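Text of run-v1.csv, listed as CSV, C-alpha atoms:
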chain,number,residue,atom,x,y,z
A,30,MET,CA,8.7,-9.8,-37.7
A,31,ILE,CA,11.1,-12.8,-37.4
A,32,VAL,CA,14.1,-10.4,-36.9
A,33,ALA,CA,12.2,-8.5,-34.2
A,34,GLY,CA,11.3,-11.8,-32.4
A,35,ALA,CA,14.9,-12.9,-32.6
A,36,ILE,CA,16.1,-9.6,-31.1
A,37,LEU,CA,13.7,-9.9,-28.2
A,38,LEU,CA,14.6,-13.5,-27.6
A,39,LEU,CA,18.3,-12.6,-27.6
A,40,LEU,CA,17.7,-9.8,-25.1
A,41,ALA,CA,15.8,-12.2,-22.8
A,42,ILE,CA,18.5,-14.8,-23.0
A,43,LEU,CA,21.2,-12.2,-22.2
A,44,GLY,CA,19.2,-11.3,-19.0
A,45,ALA,CA,18.0,-7.8,-20.1
A,46,PRO,CA,15.6,-6.2,-17.7
A,47,LEU,CA,11.9,-6.7,-18.5
A,48,PHE,CA,11.3,-3.0,-19.1
A,49,ALA,CA,14.1,-3.0,-21.7
A,50,ILE,CA,12.5,-5.9,-23.6
A,51,ILE,CA,9.1,-4.3,-23.5
A,52,ALA,CA,10.5,-0.9,-24.7
A,53,THR,CA,12.4,-2.6,-27.5
A,54,SER,CA,9.3,-4.4,-28.7
A,55,ALA,CA,7.4,-1.1,-28.8
A,56,MET,CA,10.2,0.6,-30.7
A,57,LEU,CA,10.6,-2.2,-33.2
A,58,GLY,CA,6.9,-2.1,-33.8
A,59,LEU,CA,6.9,1.6,-34.4
A,60,ILE,CA,9.8,1.4,-36.7
A,61,ARG,CA,7.9,-1.3,-38.7
A,62,GLU,CA,4.9,1.0,-38.8
A,63,GLU,CA,7.2,3.9,-39.8
A,64,THR,CA,6.1,5.9,-36.8
A,65,ASP,CA,8.1,8.5,-34.9
A,66,LEU,CA,9.9,6.9,-32.0
A,67,MET,CA,9.2,10.1,-29.9
A,68,ASN,CA,5.8,8.5,-29.3
A,69,VAL,CA,7.5,6.0,-26.9
A,70,THR,CA,8.8,8.9,-24.8
A,71,LEU,CA,5.4,10.6,-24.8
A,72,ASP,CA,3.7,7.4,-23.7
A,73,ILE,CA,6.1,6.9,-20.9
A,74,LEU,CA,5.7,10.4,-19.6
A,75,GLY,CA,2.0,10.1,-20.0
A,76,ILE,CA,1.7,7.8,-17.0
A,77,ALA,CA,1.9,11.0,-14.9
A,78,ASP,CA,-1.7,11.7,-15.9
A,79,LEU,CA,-3.0,8.3,-14.8
A,80,PRO,CA,-5.6,8.6,-12.0
A,81,PHE,CA,-4.7,7.2,-8.6
A,82,LEU,CA,-1.1,6.7,-9.6
A,83,VAL,CA,0.0,8.5,-6.4
A,84,ALA,CA,-1.6,5.8,-4.3
A,85,ILE,CA,1.1,3.3,-5.3
A,86,PRO,CA,4.1,4.9,-3.7
A,87,LEU,CA,2.1,6.0,-0.6
A,88,PHE,CA,0.6,2.6,0.2
A,89,THR,CA,4.0,0.9,-0.6
A,90,PHE,CA,5.7,3.2,1.9
A,91,ALA,CA,3.1,2.5,4.6
A,92,GLY,CA,3.5,-1.2,4.0
A,93,TYR,CA,7.3,-1.1,4.3
A,94,LEU,CA,7.0,0.9,7.5
A,95,LEU,CA,4.7,-1.7,9.0
A,96,SER,CA,7.0,-4.5,8.0
A,97,GLU,CA,10.0,-2.8,9.7
A,98,SER,CA,8.1,-2.2,13.0
A,99,GLN,CA,6.8,-4.6,15.6
A,100,ALA,CA,3.3,-4.4,14.1
A,101,PRO,CA,3.5,-8.0,12.8
A,102,ARG,CA,4.2,-9.3,16.3
A,103,ARG,CA,1.3,-7.2,17.8
A,104,LEU,CA,-1.0,-8.5,15.0
A,105,VAL,CA,-0.1,-12.1,15.7
A,106,ARG,CA,-0.6,-11.6,19.5
A,107,MET,CA,-4.0,-10.0,19.0
A,108,THR,CA,-5.4,-12.6,16.6
A,109,ASN,CA,-3.9,-15.4,18.7
A,110,SER,CA,-5.6,-14.1,21.8
A,111,LEU,CA,-8.9,-14.2,19.9
A,112,LEU,CA,-8.6,-17.5,18.0
A,113,GLY,CA,-5.8,-19.4,19.5
A,114,TRP,CA,-8.1,-21.5,21.7
A,115,MET,CA,-9.8,-23.1,18.7
A,116,PRO,CA,-8.7,-26.5,17.3
A,117,GLY,CA,-5.9,-25.6,14.9
A,118,GLY,CA,-6.3,-22.1,16.2
A,119,LEU,CA,-2.8,-20.9,15.6
A,120,ALA,CA,-3.0,-22.0,12.0
A,121,VAL,CA,-6.1,-19.9,11.5
A,122,VAL,CA,-4.3,-17.0,13.3
A,123,SER,CA,-1.4,-17.4,10.8
A,124,LEU,CA,-3.7,-17.2,7.8
A,125,ALA,CA,-5.6,-14.1,9.1
A,126,ALA,CA,-2.4,-12.3,10.1
A,127,CYS,CA,-0.7,-13.0,6.8
A,128,ALA,CA,-3.8,-11.9,4.8
A,129,PHE,CA,-4.0,-8.6,6.7
A,130,PHE,CA,-0.3,-8.0,6.3
A,131,THR,CA,-0.1,-8.8,2.6
A,132,ALA,CA,-3.1,-6.5,1.9
A,133,PHE,CA,-1.1,-3.6,3.3
A,134,THR,CA,2.4,-4.5,2.1
A,135,GLY,CA,1.2,-5.8,-1.3
A,136,GLY,CA,4.1,-8.3,-1.5
A,137,SER,CA,4.0,-11.9,-0.6
A,138,GLY,CA,7.8,-12.0,-0.2
A,139,VAL,CA,7.6,-9.3,2.5
A,140,THR,CA,5.0,-11.3,4.4
A,141,ILE,CA,6.9,-14.5,4.3
A,142,ILE,CA,10.1,-12.8,5.6
A,143,ALA,CA,8.4,-10.5,8.1
A,144,LEU,CA,5.8,-12.9,9.6
A,145,GLY,CA,7.6,-16.2,8.9
A,146,ALA,CA,10.2,-15.6,11.6
A,147,ILE,CA,7.3,-15.2,14.1
A,148,LEU,CA,4.8,-17.8,12.9
A,149,TYR,CA,7.0,-20.7,11.8
A,150,PRO,CA,8.7,-21.3,15.2
A,151,ALA,CA,5.4,-20.6,17.0
A,152,LEU,CA,3.6,-23.3,15.0
A,153,LYS,CA,6.4,-25.7,15.7
A,154,HIS,CA,6.3,-24.9,19.4
A,155,ASP,CA,2.5,-25.7,19.6
A,156,GLY,CA,3.0,-29.1,18.0
A,157,TYR,CA,2.1,-28.5,14.4
A,158,ALA,CA,3.9,-30.8,11.9
A,159,ASP,CA,6.9,-29.2,10.2
A,160,ARG,CA,5.6,-30.0,6.7
A,161,PHE,CA,2.3,-28.4,7.5
A,162,ASN,CA,4.0,-25.3,8.9
A,163,LEU,CA,6.1,-24.8,5.8
A,164,GLY,CA,3.2,-25.2,3.5
A,165,LEU,CA,1.0,-22.9,5.6
A,166,VAL,CA,3.5,-20.0,5.8
A,167,THR,CA,4.5,-20.3,2.1
A,168,SER,CA,0.8,-20.3,1.0
A,169,SER,CA,-0.2,-17.5,3.3
A,170,GLY,CA,2.4,-15.2,1.8
A,171,SER,CA,0.1,-14.2,-1.1
A,172,LEU,CA,-3.2,-14.6,0.8
A,173,GLY,CA,-4.7,-11.1,1.0
A,174,LEU,CA,-3.9,-9.7,-2.4
A,175,LEU,CA,-7.7,-9.4,-3.0
A,176,PHE,CA,-8.2,-7.2,0.0
A,177,ALA,CA,-7.9,-3.4,0.0
A,178,PRO,CA,-5.6,-1.6,-0.2
A,179,SER,CA,-3.7,-4.3,-2.1
A,180,LEU,CA,-1.1,-2.8,-4.5
A,181,PRO,CA,-1.9,-5.2,-7.3
A,182,ILE,CA,-5.6,-4.2,-7.2
A,183,ILE,CA,-4.6,-0.5,-7.5
A,184,LEU,CA,-2.3,-1.3,-10.4
A,185,TYR,CA,-4.9,-3.4,-12.1
A,186,GLY,CA,-7.4,-0.5,-11.8
A,187,VAL,CA,-4.9,1.9,-13.3
A,188,VAL,CA,-4.1,-0.3,-16.3
A,189,SER,CA,-7.6,-1.5,-17.0
A,190,GLU,CA,-9.4,1.8,-16.1
A,191,VAL,CA,-11.8,-0.1,-13.9
A,192,PRO,CA,-12.8,1.9,-10.8
A,193,ILE,CA,-10.5,0.9,-8.0
A,194,ASP,CA,-13.1,1.3,-5.3
A,195,LYS,CA,-15.3,-1.3,-7.2
A,196,LEU,CA,-12.3,-3.7,-7.3
A,197,PHE,CA,-11.8,-3.2,-3.6
A,198,LEU,CA,-15.4,-4.2,-3.0
A,199,ALA,CA,-15.4,-7.0,-5.5
A,200,GLY,CA,-12.3,-8.6,-3.8
A,201,ILE,CA,-13.9,-8.9,-0.3
A,202,LEU,CA,-16.0,-12.1,-0.8
A,203,PRO,CA,-13.6,-14.0,-3.0
A,204,GLY,CA,-10.8,-13.1,-0.6
A,205,MET,CA,-12.9,-14.4,2.3
A,206,LEU,CA,-13.7,-17.6,0.4
A,207,MET,CA,-10.0,-18.3,0.0
A,208,LEU,CA,-9.3,-17.6,3.7
A,209,ILE,CA,-12.3,-19.7,4.9
A,210,MET,CA,-11.3,-22.7,2.7
A,211,LEU,CA,-7.7,-22.7,3.9
A,212,SER,CA,-8.9,-22.2,7.5
A,213,ALA,CA,-11.3,-25.1,7.3
A,214,TYR,CA,-8.5,-27.4,5.9
A,215,SER,CA,-6.1,-26.2,8.6
A,216,THR,CA,-8.6,-26.7,11.4
A,217,TRP,CA,-9.5,-30.2,10.2
A,218,THR,CA,-5.9,-31.3,9.7
A,219,ASN,CA,-4.9,-30.1,13.1
A,220,ARG,CA,-8.2,-30.8,15.0
A,221,HIS,CA,-6.2,-32.7,17.6
A,222,ILE,CA,-4.2,-29.5,18.5
A,223,ARG,CA,-6.2,-27.4,20.8
A,224,LYS,CA,-5.2,-25.3,23.7
A,225,PRO,CA,-7.2,-25.8,27.0
A,226,LEU,CA,-10.2,-23.5,27.1
A,227,ALA,CA,-8.7,-22.2,30.4
A,228,GLU,CA,-6.1,-20.4,28.3
A,229,PHE,CA,-8.7,-18.2,26.7
A,230,SER,CA,-8.3,-15.0,28.7
A,231,TRP,CA,-10.3,-11.8,28.4
A,232,ARG,CA,-7.4,-10.1,30.2
A,233,GLU,CA,-5.0,-11.3,27.4
A,234,ILE,CA,-7.4,-10.1,24.7
A,235,ALA,CA,-7.7,-6.7,26.4
A,236,ALA,CA,-3.9,-6.5,26.8
A,237,ALA,CA,-3.3,-7.5,23.1
A,238,MET,CA,-5.9,-5.0,21.9
A,239,ARG,CA,-4.4,-2.2,24.0
A,240,GLU,CA,-1.0,-3.0,22.5
A,241,SER,CA,-2.5,-2.9,19.0
A,242,ILE,CA,-4.7,0.0,19.6
A,243,TRP,CA,-2.9,2.2,17.1
A,244,GLU,CA,-3.0,-0.5,14.3
A,245,ILE,CA,-6.6,-1.5,14.7
A,246,PRO,CA,-8.0,1.6,13.1
A,247,LEU,CA,-6.0,1.1,9.9
A,248,PRO,CA,-8.6,-0.9,7.9
A,249,PHE,CA,-11.3,1.5,9.0
A,250,VAL,CA,-9.3,4.5,7.8
A,251,VAL,CA,-8.7,3.0,4.4
A,252,LEU,CA,-12.0,1.2,3.7
A,253,GLY,CA,-14.3,3.5,5.7
A,254,GLY,CA,-12.9,6.6,4.0
A,255,ILE,CA,-13.2,5.2,0.5
A,256,TYR,CA,-16.6,3.5,0.8
A,257,SER,CA,-18.2,6.4,2.6
A,258,GLY,CA,-17.2,8.6,-0.3
A,259,PHE,CA,-15.3,10.9,2.1
A,260,LEU,CA,-12.0,10.0,0.5
A,261,VAL,CA,-10.8,9.0,-2.9
A,262,VAL,CA,-8.2,6.2,-3.2
A,263,SER,CA,-5.2,8.6,-3.5
A,264,GLU,CA,-6.4,10.6,-0.4
A,265,ALA,CA,-6.9,7.4,1.6
A,266,ALA,CA,-3.3,6.4,0.6
A,267,ALA,CA,-1.9,9.7,1.8
A,268,ILE,CA,-3.7,9.5,5.1
A,269,THR,CA,-2.7,5.9,5.6
A,270,ALA,CA,1.0,6.7,4.9
A,271,LEU,CA,0.9,9.7,7.3
A,272,TYR,CA,-0.9,7.7,10.0
A,273,VAL,CA,1.5,4.7,9.8
A,274,PHE,CA,4.5,7.1,9.9
A,275,VAL,CA,3.1,8.9,13.0
A,276,VAL,CA,2.3,5.6,14.8
A,277,GLU,CA,5.5,3.7,14.1
A,278,VAL,CA,8.0,6.6,14.2
A,279,LEU,CA,6.6,9.1,16.6
A,280,VAL,CA,4.3,7.0,18.9
A,281,HIS,CA,5.9,3.6,19.2
A,282,ARG,CA,9.3,4.9,18.2
A,283,GLU,CA,10.2,1.4,16.8
A,284,ILE,CA,11.7,2.9,13.6
A,285,GLN,CA,14.5,5.3,14.1
A,286,TRP,CA,14.9,8.5,12.1
A,287,ARG,CA,18.2,7.2,10.8
A,288,ASP,CA,16.5,4.1,9.4
A,289,LEU,CA,13.9,6.1,7.3
A,290,PRO,CA,16.2,6.8,4.3
A,291,ARG,CA,16.9,3.0,4.0
A,292,ILE,CA,13.2,2.2,4.3
A,293,ILE,CA,12.2,4.9,1.8
A,294,ARG,CA,14.9,3.7,-0.6
A,295,SER,CA,13.7,0.1,-0.4
A,296,ALA,CA,10.1,1.0,-0.9
A,297,MET,CA,10.8,3.4,-3.8
A,298,VAL,CA,13.0,0.9,-5.6
A,299,LEU,CA,9.9,-1.4,-5.9
A,300,VAL,CA,7.7,1.6,-6.9
A,301,GLY,CA,10.3,2.7,-9.5
A,302,GLY,CA,10.4,-0.8,-11.0
A,303,ILE,CA,6.6,-0.8,-11.3
A,304,LEU,CA,6.4,2.6,-12.8
A,305,ILE,CA,9.2,1.9,-15.4
A,306,ILE,CA,7.4,-1.3,-16.5
A,307,LEU,CA,4.1,0.5,-16.5
A,308,GLY,CA,5.5,3.4,-18.6
A,309,VAL,CA,7.1,1.3,-21.3
A,310,SER,CA,4.1,-1.1,-21.4
A,311,MET,CA,1.8,1.8,-22.1
A,312,ALA,CA,4.0,2.5,-25.2
A,313,SER,CA,3.8,-1.2,-26.2
A,314,THR,CA,0.0,-1.3,-25.6
A,315,ASN,CA,-0.6,1.8,-27.7
A,316,TYR,CA,1.4,0.3,-30.5
A,317,MET,CA,-0.5,-3.0,-30.3
A,318,ILE,CA,-3.8,-1.1,-30.3
A,319,SER,CA,-2.9,0.9,-33.4
A,320,ALA,CA,-1.7,-2.3,-35.1
A,321,GLY,CA,-5.0,-4.0,-34.3
A,322,ILE,CA,-3.4,-6.8,-32.3
A,323,PRO,CA,-6.2,-7.1,-29.7
A,324,GLN,CA,-8.7,-7.5,-32.5
A,325,MET,CA,-6.6,-10.1,-34.2
A,326,LEU,CA,-6.3,-12.0,-30.9
A,327,LEU,CA,-10.1,-11.8,-30.4
A,328,GLU,CA,-10.7,-13.2,-33.8
A,329,TRP,CA,-8.2,-16.0,-33.3
A,330,VAL,CA,-9.6,-16.9,-29.9
A,331,SER,CA,-13.2,-16.7,-31.2
A,332,ASN,CA,-12.3,-19.4,-33.8
A,333,LEU,CA,-11.1,-21.7,-31.0
A,334,VAL,CA,-13.6,-20.8,-28.3
A,335,SER,CA,-17.4,-20.8,-28.6
A,336,SER,CA,-18.6,-19.9,-25.1
A,337,GLN,CA,-17.8,-17.9,-22.0
A,338,THR,CA,-17.2,-21.0,-20.0
A,339,THR,CA,-14.5,-22.3,-22.4
A,340,PHE,CA,-12.9,-18.9,-22.5
A,341,LEU,CA,-12.7,-18.8,-18.7
A,342,VAL,CA,-11.1,-22.3,-18.6
A,343,LEU,CA,-8.5,-21.3,-21.1
A,344,LEU,CA,-7.9,-18.0,-19.3
A,345,LEU,CA,-7.3,-19.8,-16.0
A,346,LEU,CA,-4.8,-22.2,-17.5
A,347,PHE,CA,-3.0,-19.4,-19.2
A,348,LEU,CA,-2.9,-17.3,-16.0
A,349,LEU,CA,-1.7,-20.2,-13.9
A,350,VAL,CA,1.3,-20.7,-16.2
A,351,LEU,CA,1.9,-16.9,-16.4
A,352,GLY,CA,1.8,-16.5,-12.7
A,353,ALA,CA,4.5,-19.2,-12.2
A,354,ILE,CA,7.0,-17.4,-14.5
A,355,LEU,CA,6.2,-13.7,-14.2
A,356,ASP,CA,5.6,-11.4,-11.2
A,357,ILE,CA,2.2,-10.1,-10.7
A,358,PHE,CA,3.0,-6.4,-11.5
A,359,SER,CA,4.7,-7.3,-14.8
A,360,ALA,CA,1.8,-9.6,-15.7
A,361,ILE,CA,-0.8,-6.9,-15.1
A,362,VAL,CA,0.8,-4.3,-17.3
A,363,LEU,CA,1.7,-6.8,-20.0
A,364,VAL,CA,-1.3,-9.0,-20.3
A,365,VAL,CA,-4.4,-7.1,-19.0
A,366,PRO,CA,-4.6,-4.7,-22.0
A,367,LEU,CA,-4.6,-7.7,-24.3
A,368,ILE,CA,-7.2,-9.8,-22.5
A,369,LEU,CA,-9.7,-7.0,-21.7
A,370,PRO,CA,-11.2,-6.7,-25.2
A,371,ILE,CA,-11.2,-10.5,-25.6
A,372,ALA,CA,-13.1,-11.0,-22.3
A,373,ALA,CA,-15.5,-8.2,-23.3
A,374,GLY,CA,-16.2,-10.2,-26.5
A,375,PHE,CA,-17.4,-13.1,-24.3
A,376,ASP,CA,-19.4,-10.8,-22.0
A,377,VAL,CA,-17.2,-11.2,-19.0
A,378,HIS,CA,-17.8,-8.3,-16.6
A,379,PRO,CA,-14.6,-6.2,-16.3
A,380,VAL,CA,-14.7,-6.1,-12.5
A,381,HIS,CA,-15.2,-9.9,-12.3
A,382,LEU,CA,-12.3,-10.3,-14.8
A,383,GLY,CA,-10.1,-8.3,-12.6
A,384,ILE,CA,-10.8,-10.5,-9.5
A,385,VAL,CA,-10.3,-13.7,-11.6
A,386,PHE,CA,-7.0,-12.4,-12.9
A,387,LEU,CA,-5.7,-11.4,-9.5
A,388,ALA,CA,-6.9,-14.6,-7.8
A,389,ALA,CA,-5.2,-16.8,-10.5
A,390,MET,CA,-2.0,-14.7,-10.3
A,391,GLU,CA,-2.1,-15.1,-6.5
A,392,LEU,CA,-2.2,-18.9,-7.1
A,393,GLY,CA,0.7,-18.5,-9.5
A,394,TYR,CA,3.0,-17.6,-6.6
A,395,LEU,CA,2.7,-21.3,-5.5
A,396,THR,CA,2.8,-23.0,-8.9
A,397,PRO,CA,5.9,-25.1,-9.6
A,398,PRO,CA,8.4,-25.0,-11.0
A,399,VAL,CA,9.2,-21.3,-10.5
A,400,GLY,CA,6.4,-19.9,-8.3
A,401,LEU,CA,8.0,-17.0,-6.4
A,402,ASN,CA,6.8,-17.9,-3.0
A,403,LEU,CA,8.3,-21.4,-3.3
A,404,PHE,CA,11.9,-20.0,-3.7
A,405,ILE,CA,11.5,-17.3,-1.1
A,406,SER,CA,10.3,-19.8,1.4
A,407,SER,CA,13.1,-22.3,0.5
A,408,TYR,CA,15.6,-19.6,1.0
A,409,ARG,CA,14.0,-18.2,4.2
A,410,PHE,CA,13.6,-21.5,6.0
A,411,GLU,CA,16.6,-23.3,4.4
A,412,LYS,CA,14.5,-26.1,3.0
A,413,PRO,CA,15.1,-28.0,-0.3
A,414,ILE,CA,12.9,-26.7,-3.0
A,415,LEU,CA,11.3,-30.1,-3.7
A,416,HIS,CA,10.4,-30.3,0.0
A,417,VAL,CA,8.6,-26.9,-0.3
A,418,TYR,CA,6.8,-28.1,-3.4
A,419,SER,CA,5.5,-31.1,-1.5
A,420,ALA,CA,4.5,-29.1,1.6
A,421,THR,CA,2.5,-26.5,-0.4
A,422,PHE,CA,0.7,-29.0,-2.7
A,423,PRO,CA,-2.4,-29.5,-0.5
A,424,PHE,CA,-2.7,-25.7,-0.1
A,425,LEU,CA,-2.3,-25.2,-3.8
A,426,MET,CA,-5.1,-27.6,-4.5
A,427,ILE,CA,-7.5,-25.9,-2.1
A,428,LEU,CA,-6.6,-22.5,-3.5
A,429,LEU,CA,-7.1,-23.9,-7.0
A,430,MET,CA,-10.6,-25.0,-6.1
A,431,SER,CA,-11.3,-21.5,-4.7
A,432,VAL,CA,-10.1,-19.8,-7.9
A,433,ILE,CA,-12.3,-22.1,-10.0
A,434,LEU,CA,-15.3,-21.1,-7.8
A,435,ILE,CA,-14.4,-17.4,-8.2
A,436,ALA,CA,-14.1,-17.7,-11.9
A,437,PHE,CA,-17.4,-19.5,-12.5
A,438,TRP,CA,-19.4,-17.8,-9.7
A,439,PRO,CA,-19.4,-14.2,-10.9
A,440,SER,CA,-22.0,-13.0,-8.5
A,441,LEU,CA,-19.5,-13.7,-5.7
A,442,SER,CA,-17.3,-10.9,-7.0
A,443,LEU,CA,-20.2,-8.6,-8.1
A,444,TRP,CA,-22.6,-8.9,-5.2
A,445,LEU,CA,-21.2,-6.0,-3.3
A,446,VAL,CA,-20.4,-3.9,-6.3
A,447,PRO,CA,-22.9,-1.1,-7.2
A,448,ALA,CA,-24.6,-1.7,-10.6
A,449,THR,CA,-23.8,1.7,-11.9
If you took the structure in this file and wrote it as structure tokens, what would it be?
Amino acid sequence: MIVAGAILLLLAILGAPLFAIIATSAMLGLIREETDLMNVTLDILGIADLPFLVAIPLFTFAGYLLSESQAPRRLVRMTNSLLGWMPGGLAVVSLAACAFFTAFTGGSGVTIIALGAILYPALKHDGYADRFNLGLVTSSGSLGLLFAPSLPIILYGVVSEVPIDKLFLAGILPGMLMLIMLSAYSTWTNRHIRKPLAEFSWREIAAAMRESIWEIPLPFVVLGGIYSGFLVVSEAAAITALYVFVVEVLVHREIQWRDLPRIIRSAMVLVGGILIILGVSMASTNYMISAGIPQMLLEWVSNLVSSQTTFLVLLLLFLLVLGAILDIFSAIVLVVPLILPIAAGFDVHPVHLGIVFLAAMELGYLTPPVGLNLFISSYRFEKPILHVYSATFPFLMILLMSVILIAFWPSLSLWLVPAT
């Protein structure tokens, strides 16, 4: 066991890819159990049988197409025409636009890069403080991961075997809570910034909606199709990818045919990384199950924790640290199989656990010292990393309060979820 730990630590220090470290841990465990290593290959190939797996590349492709088109600009114009007249209206517009965009792209880095170039100078032009602008755009990058068709929700459903449509429903109210709390803070902080009511124009709203007429149906295609029972998640993903392709390539013609190979390659590199990690983690998970590791962890935690409340507190602390050092996709495939049986031992509903996990990991993007959004924003806007820490701190505290509410208010996640 000590030798195996030393080997894994050495691989990590040498910068080995995460999938290589996971695969090595599984193989070392199987060797210790004197089990055929062919099981690792079978487990990796076995991900092809996982339900809804096809939704991951299809939604990812659709998200990358949207990010390469002018859809972000049209989305900002439409929301600004509706909400821009409010006190702090552009800040609320930024939050809503980023949440919508992150839900479809599934990646906070993509949102910061794609929408940051539009929102950051627009906020500055309207008189918002630079520190507030930086904190808002950085924090908004991961806002929306609880909304369908978020890629982390789909991956969590695949790994945990929790119905994805239930997770989509469960994420609506917690996601809205995060959005409302940040909007309230932004409105109060910038209550002195308000466009004249005369600038509110029904003509501008009509023009913005005409311009976005092809993007507006997207949420209804995805959510309406799934919740009506007319489409399963994989079918909704296929229709979404086809719809976005037709709109951005054939209707708007904002993406040239020659650019498609580059976009597809970028999207599938992300998908490939997710699938490789998912495959080797399945092998590692199967080994841990056969070795009884989840049961040992449950027994160990039970000796330390006596109630569901204490378990949730420790879980949140663990996830906040985890989210700061590990990307959300790796965390899902590595940690979820271990915490599921422990949470079940403390009567935590599996759907509620999923929302708590994703919400806490969303917060991890902003947790110093190594939250991913902090470094992306520092690089994108050429700001010192300590300045980014300071700018995002108020938003981090508000999101932390929302995550605590989500964790200890399970009915918020379960209210829209059917009991069966």
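Counting only C-alpha atoms and comparing A:Gly302, A:Pro101, A:Pro397, A:Pro439, the residue that lies closest to Val122 in chain A is A:Pro101.
For the residues A:Ser123, A:His378, A:Arg103, A:Met390, ranking by smallest atom-to-atom distance to Glu240 in chain A using all atoms listed in the file places A:Arg103 first.
Proximity to Leu180 in chain A at 8 Å, evaluated using all atoms listed in the file and with sequence-adjacent residues fewer than 3 positions away removed, yields Ile85, Phe88, Thr89, Ala132, Phe133, Thr134, Gly135, Leu174, Ile183 and Leu184 of chain A.
Candidate residues A:Met430, A:Leu415, A:Val385, A:Ile305 were compared for distance to Leu175 in chain A, and the nearest is A:Val385, using only C-alpha atoms.
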Neighbour list for range 91-99 of chain A as JSON, numbers by chain, cut-off 10 Å, only C-alpha atoms, skip fewer than 4 positions in-chain: {"A": [86, 87, 103, 104, 130, 131, 132, 133, 134, 135, 136, 139, 140, 142, 143, 144, 179, 180, 244, 266, 267, 268, 269, 270, 271, 272, 273, 274, 276, 277, 278, 281, 282, 283, 284, 285, 288, 289, 292, 293, 295, 296, 297]}
Name the closest residue to Pro423 in chain A among the candidates A:Leu163, A:Leu206, A:Ala125, A:Ala100; distances are taken between atoms, counting only C-alpha atoms. A:Leu163
So which one's closest to Asn402 in chain A, A:Leu355, A:Gly186, A:Ala373, A:Thr338? Using only C-alpha atoms, please. A:Leu355
One residue among A:Leu392, A:Leu124, A:Val188, A:Met205 is nearest to Leu346 in chain A when using all atoms listed in the file, and that residue is A:Leu392
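Straight-line separation from CA of Leu401 in chain A to CA of Lys195 in chain A: 28.1 Å.
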A straight line from CA of Ala265 in chain A to CA of Leu82 in chain A spans 12.6 Å
Env of range 234-236 of chain A: 12 Å cut, atoms = only C-alpha atoms, seq-sep filter 6 positions within chain, self excluded. Answer as number ranges by chain. A: 103-114, 228, 242
Quick one: range 352-364 of chain A with N, CA and C atoms, as a PDB file, keeping the file's coordinate frame?
ATOM      1  N   GLY A 352       1.470 -16.848 -14.024  1.00  0.00           N
ATOM      2  CA  GLY A 352       1.800 -16.500 -12.700  1.00  0.00           C
ATOM      3  C   GLY A 352       3.017 -17.215 -12.129  1.00  0.00           C
ATOM      4  N   ALA A 353       3.319 -18.380 -12.688  1.00  0.00           N
ATOM      5  CA  ALA A 353       4.500 -19.200 -12.200  1.00  0.00           C
ATOM      6  C   ALA A 353       5.784 -18.615 -12.802  1.00  0.00           C
ATOM      7  N   ILE A 354       5.718 -17.854 -13.902  1.00  0.00           N
ATOM      8  CA  ILE A 354       7.000 -17.400 -14.500  1.00  0.00           C
ATOM      9  C   ILE A 354       7.133 -15.904 -14.541  1.00  0.00           C
ATOM     10  N   LEU A 355       6.099 -15.162 -14.115  1.00  0.00           N
ATOM     11  CA  LEU A 355       6.200 -13.700 -14.200  1.00  0.00           C
ATOM     12  C   LEU A 355       5.567 -13.112 -12.918  1.00  0.00           C
ATOM     13  N   ASP A 356       6.190 -12.056 -12.389  1.00  0.00           N
ATOM     14  CA  ASP A 356       5.600 -11.400 -11.200  1.00  0.00           C
ATOM     15  C   ASP A 356       4.328 -10.730 -11.524  1.00  0.00           C
ATOM     16  N   ILE A 357       3.512 -10.525 -10.503  1.00  0.00           N
ATOM     17  CA  ILE A 357       2.200 -10.100 -10.700  1.00  0.00           C
ATOM     18  C   ILE A 357       2.095  -8.656 -11.314  1.00  0.00           C
ATOM     19  N   PHE A 358       3.046  -7.793 -10.956  1.00  0.00           N
ATOM     20  CA  PHE A 358       3.000  -6.400 -11.500  1.00  0.00           C
ATOM     21  C   PHE A 358       3.333  -6.414 -12.975  1.00  0.00           C
ATOM     22  N   SER A 359       4.335  -7.192 -13.394  1.00  0.00           N
ATOM     23  CA  SER A 359       4.700  -7.300 -14.800  1.00  0.00           C
ATOM     24  C   SER A 359       3.510  -7.899 -15.596  1.00  0.00           C
ATOM     25  N   ALA A 360       2.894  -8.924 -15.016  1.00  0.00           N
ATOM     26  CA  ALA A 360       1.800  -9.600 -15.700  1.00  0.00           C
ATOM     27  C   ALA A 360       0.624  -8.647 -15.922  1.00  0.00           C
ATOM     28  N   ILE A 361       0.346  -7.814 -14.935  1.00  0.00           N
ATOM     29  CA  ILE A 361      -0.800  -6.900 -15.100  1.00  0.00           C
ATOM     30  C   ILE A 361      -0.575  -5.937 -16.224  1.00  0.00           C
ATOM     31  N   VAL A 362       0.600  -5.307 -16.281  1.00  0.00           N
ATOM     32  CA  VAL A 362       0.800  -4.300 -17.300  1.00  0.00           C
ATOM     33  C   VAL A 362       1.023  -4.896 -18.691  1.00  0.00           C
ATOM     34  N   LEU A 363       1.478  -6.152 -18.746  1.00  0.00           N
ATOM     35  CA  LEU A 363       1.700  -6.800 -20.000  1.00  0.00           C
ATOM     36  C   LEU A 363       0.478  -7.433 -20.620  1.00  0.00           C
ATOM     37  N   VAL A 364      -0.291  -8.111 -19.784  1.00  0.00           N
ATOM     38  CA  VAL A 364      -1.300  -9.000 -20.300  1.00  0.00           C
ATOM     39  C   VAL A 364      -2.726  -8.389 -20.234  1.00  0.00           C
TER      40      VAL A 364
END
